[in-house]
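Peer 1: Here it is, the structure in full.
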Amino acid sequence: MRPINFGRKYVRLNGPVKLRINVRNMIVTAILFGATIVAGFFALMVGTMTFSLQDVYSALTGQATGMTRTVVVEWRLPRVLSAIVFGAALAVSGAIFQSLTRNPLGSPDIIGFTSGSYTGALVVLLISGSTSFIGVATGALVGGFITAVVIYILAFRNGTQGFRLIIVGIAISAILGSVNSMLLLRSKAEVALTAAAWGVGSLNGIDWRHAFPAILLVLCFLIGAGIMNRPLREMELGGDAAKSHGVPLERTQLVLILVAVGLTAIPTAVMGPVTFVALAAPQIAQRFTKSAESLVPAAAMGAFLLLGADIFAQRIISGMIFPVGVITLSLGGIYLVWLLFHQARTAS
């Protein structure tokens, strides 16, 4: 006799904060979280100078001094934490856009928000001549948000439909791509080389001065995404169903877009445009959890993917450190080809 399927298993918390936790999501998230911690300790231990696990523990707890503390805490730790937090931010941003557009290709790097951040940074680097981190980061943030506003206005017609948002975003991304190429071609060679290197996306050379404020800002936006998770889930049922539950549709869409753009623009301002993490991480997490119910597994997958890609970029060839964007672009391209073939086969 076939056992009756009573649906997914949930754990209910009825304390001061009431929560209903999907057991499968919780297990997958715990596994990814553990794998990310292991990868993080590996990244802290291995490099030009190799340390034992005891050395790393001593440095993190303030017991180590000298070169061990400098290398582990001052040089490697900001890079590892940035990879974890920025990877989670990109993944949550991708999950929000894919939910809003109801399309797996609805990712901020395909819709054009990453291109907008790149254009803002190029304007600062090539036109104003400023190479300071604050100037470039501000340009990337402003460029990302202006692009989001333009795409939202052009896509808005009796509400924002997902397909229209993707089409308008791809068109704006193509325009911005040509603008970026024109800016690079008209600039001096050494400045263009700096801008092109930034455009690949890299965590090389990141330190606490750059990482700390960006991580704090990203955590604020992640909290905002968590607050908006419930209306996002209700909007997936359809506009009419969401309105019947009291969700103000247009206003909620605008807030979600601004949160998602912030989660893309801030990491982009620090490390440059790192592609395909926002596209791939939510979908891989969804395949493991068999559910699009929560942003948490997507965030855990994004953190693990970006940290793993950065470790791979540092170890793929001995003596050479590649930008992490090169690795995510290569792996993401393979994933995108597989996704398109899978969708075409499913449709047929």
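Residue names in the structure tokens use chain letters A, B, ... in the order shown, residue numbers from 1 in each chain, and ligand numbers from 1 in the order shown.
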Give me every alpha helix (DSSP H) residue in segment 99-332 of chain A, going by DSSP on the backbone, as a ChimeraX atom specification.
Peer 2: /A:99-101,108-111,113-122,133-155,162-185,189-200,208-227,229-235,239-244,249-271,277-289,296-315,324-332
Peer 1: When you look at Ile111 of chain A with a cut-off of 6 Å (counting only C-alpha atoms), what residues show up, excluding the ones that are within fewer than 3 positions of it in the same chain? I need them as an MDAnalysis selection string.
Peer 2: chainID A and resid 107:108 166 169:170
Peer 1: Produce a file of the selected residues containing N, CA and C atoms, as a short mmCIF file (atom, residue, chain, number, x, y, z; two decimals), in the first residue's frame.
Peer 2:
data_model
loop_
_atom_site.label_atom_id
_atom_site.label_comp_id
_atom_site.auth_asym_id
_atom_site.auth_seq_id
_atom_site.Cartn_x
_atom_site.Cartn_y
_atom_site.Cartn_z
N SER A 107 17.69 37.80 -14.07
CA SER A 107 18.79 38.05 -13.15
C SER A 107 19.31 39.47 -13.34
N PRO A 108 19.79 40.12 -12.28
CA PRO A 108 20.22 41.52 -12.43
C PRO A 108 21.35 41.71 -13.42
N ILE A 166 12.11 42.13 -18.34
CA ILE A 166 13.30 41.47 -18.91
C ILE A 166 13.66 42.06 -20.26
N GLY A 169 15.00 45.50 -19.84
CA GLY A 169 16.31 45.40 -19.21
C GLY A 169 17.39 44.96 -20.16
N ILE A 170 17.09 43.97 -21.02
CA ILE A 170 18.08 43.51 -22.00
C ILE A 170 18.40 44.63 -22.99
#
Peer 1: When you count only C-alpha atoms, which of these residues is closest to Leu53 of chain A: A:Val72, A:Val274, A:Ala35, A:Ala269?
Peer 2: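 With only C-alpha atoms as the atom set, the closest residue is A:Val72.
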Peer 1: Looking at A:Leu307, A:Thr289, A:Ala64, A:Ala192, which one is nearest to Phe41 of chain A, with distances taken over only C-alpha atoms?
Peer 2: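 Closest candidate: A:Leu307.
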Peer 1: Find the spatial neighbours of segment 142-149 of chain A, counting only C-alpha atoms, within a cut-off of 12 Å - ignore same-chain residues fewer than 6 positions away - and output them as an MDAnalysis selection string.
Peer 2: chainID A and resid 97 108:109 111:124 135:136 155:156 165:166 168:173 175:176 254:269 272:273
Peer 1: Go ahead and dump the residues you just picked, N, CA and C atoms, as a compact mmCIF listing (two decimals), in the first residue's frame.
Peer 2:
# COMPACT_ATOMS: atom_id res chain seq x y z
N PHE A 97 14.54 39.05 -8.25
CA PHE A 97 14.20 39.39 -9.64
C PHE A 97 13.59 38.20 -10.36
N PRO A 108 19.79 40.12 -12.28
CA PRO A 108 20.22 41.52 -12.43
C PRO A 108 21.35 41.71 -13.42
N ASP A 109 22.22 40.70 -13.60
CA ASP A 109 23.29 40.88 -14.58
C ASP A 109 22.80 40.68 -16.01
N ILE A 111 19.35 41.51 -16.82
CA ILE A 111 18.40 42.60 -17.01
C ILE A 111 19.11 43.93 -17.23
N GLY A 112 20.32 44.11 -16.70
CA GLY A 112 21.06 45.32 -17.01
C GLY A 112 21.49 46.16 -15.83
N PHE A 113 21.11 45.77 -14.60
CA PHE A 113 21.46 46.60 -13.46
C PHE A 113 22.97 46.57 -13.19
N THR A 114 23.62 45.42 -13.44
CA THR A 114 25.07 45.36 -13.27
C THR A 114 25.77 46.24 -14.30
N SER A 115 25.25 46.28 -15.53
CA SER A 115 25.82 47.15 -16.56
C SER A 115 25.70 48.61 -16.15
N GLY A 116 24.57 48.96 -15.49
CA GLY A 116 24.40 50.33 -15.03
C GLY A 116 25.43 50.71 -13.99
N SER A 117 25.72 49.78 -13.07
CA SER A 117 26.75 50.04 -12.07
C SER A 117 28.12 50.21 -12.73
N TYR A 118 28.40 49.37 -13.73
CA TYR A 118 29.67 49.46 -14.45
C TYR A 118 29.78 50.80 -15.17
N THR A 119 28.68 51.26 -15.78
CA THR A 119 28.70 52.55 -16.47
C THR A 119 28.96 53.69 -15.48
N GLY A 120 28.32 53.62 -14.32
CA GLY A 120 28.56 54.66 -13.31
C GLY A 120 30.00 54.71 -12.87
N ALA A 121 30.60 53.52 -12.67
CA ALA A 121 32.02 53.49 -12.28
C ALA A 121 32.92 54.00 -13.39
N LEU A 122 32.59 53.66 -14.65
CA LEU A 122 33.41 54.12 -15.78
C LEU A 122 33.34 55.64 -15.93
N VAL A 123 32.17 56.20 -15.71
CA VAL A 123 32.04 57.67 -15.80
C VAL A 123 32.97 58.34 -14.79
N VAL A 124 33.00 57.79 -13.58
CA VAL A 124 33.88 58.36 -12.55
C VAL A 124 35.35 58.18 -12.93
N GLY A 135 34.98 57.33 -4.74
CA GLY A 135 34.43 57.88 -5.98
C GLY A 135 33.88 56.80 -6.89
N VAL A 136 34.67 55.72 -7.09
CA VAL A 136 34.23 54.63 -7.96
C VAL A 136 33.01 53.93 -7.37
N ALA A 155 9.34 50.01 -18.22
CA ALA A 155 8.60 48.73 -18.18
C ALA A 155 7.22 48.88 -17.56
N PHE A 156 6.94 50.05 -16.94
CA PHE A 156 5.68 50.22 -16.21
C PHE A 156 4.55 50.56 -17.17
N LEU A 165 9.71 43.57 -18.16
CA LEU A 165 10.88 44.03 -17.40
C LEU A 165 12.16 43.42 -17.97
N ILE A 166 12.11 42.13 -18.34
CA ILE A 166 13.30 41.47 -18.91
C ILE A 166 13.66 42.06 -20.26
N VAL A 168 12.87 45.04 -21.58
CA VAL A 168 13.38 46.41 -21.43
C VAL A 168 14.79 46.38 -20.82
N GLY A 169 15.00 45.50 -19.84
CA GLY A 169 16.31 45.40 -19.21
C GLY A 169 17.39 44.96 -20.16
N ILE A 170 17.09 43.97 -21.02
CA ILE A 170 18.08 43.51 -22.00
C ILE A 170 18.40 44.63 -22.99
N ALA A 171 17.38 45.40 -23.40
CA ALA A 171 17.62 46.51 -24.33
C ALA A 171 18.50 47.58 -23.68
N ILE A 172 18.18 47.94 -22.45
CA ILE A 172 19.00 48.94 -21.74
C ILE A 172 20.42 48.41 -21.52
N SER A 173 20.54 47.12 -21.23
CA SER A 173 21.88 46.54 -21.03
C SER A 173 22.70 46.62 -22.30
N ILE A 175 22.36 48.87 -24.69
CA ILE A 175 22.73 50.28 -24.88
C ILE A 175 23.90 50.65 -23.98
N LEU A 176 23.80 50.23 -22.71
CA LEU A 176 24.88 50.54 -21.76
C LEU A 176 26.19 49.85 -22.15
N LEU A 254 8.06 48.05 -6.35
CA LEU A 254 9.10 49.08 -6.38
C LEU A 254 10.08 48.89 -5.22
N VAL A 255 9.56 48.60 -4.02
CA VAL A 255 10.45 48.40 -2.86
C VAL A 255 11.35 47.19 -3.08
N LEU A 256 10.76 46.09 -3.60
CA LEU A 256 11.56 44.89 -3.84
C LEU A 256 12.65 45.14 -4.89
N ILE A 257 12.31 45.91 -5.93
CA ILE A 257 13.32 46.22 -6.96
C ILE A 257 14.45 47.04 -6.37
N LEU A 258 14.10 48.04 -5.53
CA LEU A 258 15.14 48.88 -4.92
C LEU A 258 16.03 48.05 -3.99
N VAL A 259 15.42 47.14 -3.21
CA VAL A 259 16.22 46.27 -2.33
C VAL A 259 17.15 45.39 -3.15
N ALA A 260 16.61 44.79 -4.22
CA ALA A 260 17.42 43.89 -5.05
C ALA A 260 18.54 44.65 -5.76
N VAL A 261 18.24 45.87 -6.22
CA VAL A 261 19.29 46.67 -6.87
C VAL A 261 20.38 47.03 -5.86
N GLY A 262 19.99 47.37 -4.64
CA GLY A 262 20.98 47.66 -3.61
C GLY A 262 21.88 46.46 -3.33
N LEU A 263 21.28 45.26 -3.32
CA LEU A 263 22.07 44.04 -3.06
C LEU A 263 23.00 43.72 -4.23
N THR A 264 22.73 44.28 -5.40
CA THR A 264 23.64 44.10 -6.53
C THR A 264 24.66 45.23 -6.61
N ALA A 265 24.18 46.45 -6.40
CA ALA A 265 25.03 47.62 -6.62
C ALA A 265 26.15 47.74 -5.58
N ILE A 266 25.86 47.42 -4.32
CA ILE A 266 26.89 47.57 -3.28
C ILE A 266 28.06 46.61 -3.49
N PRO A 267 27.82 45.29 -3.67
CA PRO A 267 28.98 44.43 -3.99
C PRO A 267 29.69 44.83 -5.27
N THR A 268 28.92 45.28 -6.28
CA THR A 268 29.54 45.69 -7.54
C THR A 268 30.44 46.91 -7.32
N ALA A 269 30.02 47.80 -6.44
CA ALA A 269 30.83 48.98 -6.17
C ALA A 269 32.18 48.61 -5.56
N GLY A 272 33.56 45.16 -8.36
CA GLY A 272 33.29 45.14 -9.79
C GLY A 272 32.16 44.17 -10.10
N PRO A 273 31.72 44.15 -11.36
CA PRO A 273 30.58 43.28 -11.71
C PRO A 273 30.98 41.82 -11.79
Peer 1: How close does segment 24-101 of chain A get to segment 206-215 of chain A? List, as JSON lines, each residue of segment 24-101 of chain A within 12 Å, its nearest atom pair and the distance in Å to one decimal, counting only C-alpha atoms.
Peer 2:
{"residue": "A:Thr70", "atom": "CA", "partner": "A:Asp207", "partner_atom": "CA", "distance": 11.5}
{"residue": "A:Val71", "atom": "CA", "partner": "A:Asp207", "partner_atom": "CA", "distance": 11.3}
{"residue": "A:Val72", "atom": "CA", "partner": "A:Asp207", "partner_atom": "CA", "distance": 11.7}
{"residue": "A:Val73", "atom": "CA", "partner": "A:Trp208", "partner_atom": "CA", "distance": 9.5}
{"residue": "A:Glu74", "atom": "CA", "partner": "A:Asp207", "partner_atom": "CA", "distance": 7.0}
{"residue": "A:Trp75", "atom": "CA", "partner": "A:Asp207", "partner_atom": "CA", "distance": 6.5}
{"residue": "A:Arg76", "atom": "CA", "partner": "A:Asp207", "partner_atom": "CA", "distance": 8.4}
{"residue": "A:Leu77", "atom": "CA", "partner": "A:Asp207", "partner_atom": "CA", "distance": 8.6}
{"residue": "A:Pro78", "atom": "CA", "partner": "A:Asp207", "partner_atom": "CA", "distance": 5.7}
{"residue": "A:Arg79", "atom": "CA", "partner": "A:Ile206", "partner_atom": "CA", "distance": 6.0}
{"residue": "A:Val80", "atom": "CA", "partner": "A:Ile206", "partner_atom": "CA", "distance": 9.8}
{"residue": "A:Leu81", "atom": "CA", "partner": "A:Ala211", "partner_atom": "CA", "distance": 8.2}
{"residue": "A:Ser82", "atom": "CA", "partner": "A:Ala211", "partner_atom": "CA", "distance": 6.2}
{"residue": "A:Ala83", "atom": "CA", "partner": "A:Ala211", "partner_atom": "CA", "distance": 9.8}
{"residue": "A:Ile84", "atom": "CA", "partner": "A:Ile215", "partner_atom": "CA", "distance": 9.7}
{"residue": "A:Val85", "atom": "CA", "partner": "A:Ile215", "partner_atom": "CA", "distance": 6.6}
{"residue": "A:Phe86", "atom": "CA", "partner": "A:Ile215", "partner_atom": "CA", "distance": 7.6}
{"residue": "A:Gly87", "atom": "CA", "partner": "A:Ile215", "partner_atom": "CA", "distance": 11.1}
{"residue": "A:Ala88", "atom": "CA", "partner": "A:Ile215", "partner_atom": "CA", "distance": 10.9}
{"residue": "A:Ala89", "atom": "CA", "partner": "A:Ile215", "partner_atom": "CA", "distance": 9.7}
Peer 1: Between atom CA of Arg315 of chain A and atom CA of Thr29 of chain A, measure the distance and give it in Å to one decimal.
Peer 2: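 Atom CA of Thr29 of chain A lies 26.3 Å from atom CA of Arg315 of chain A.
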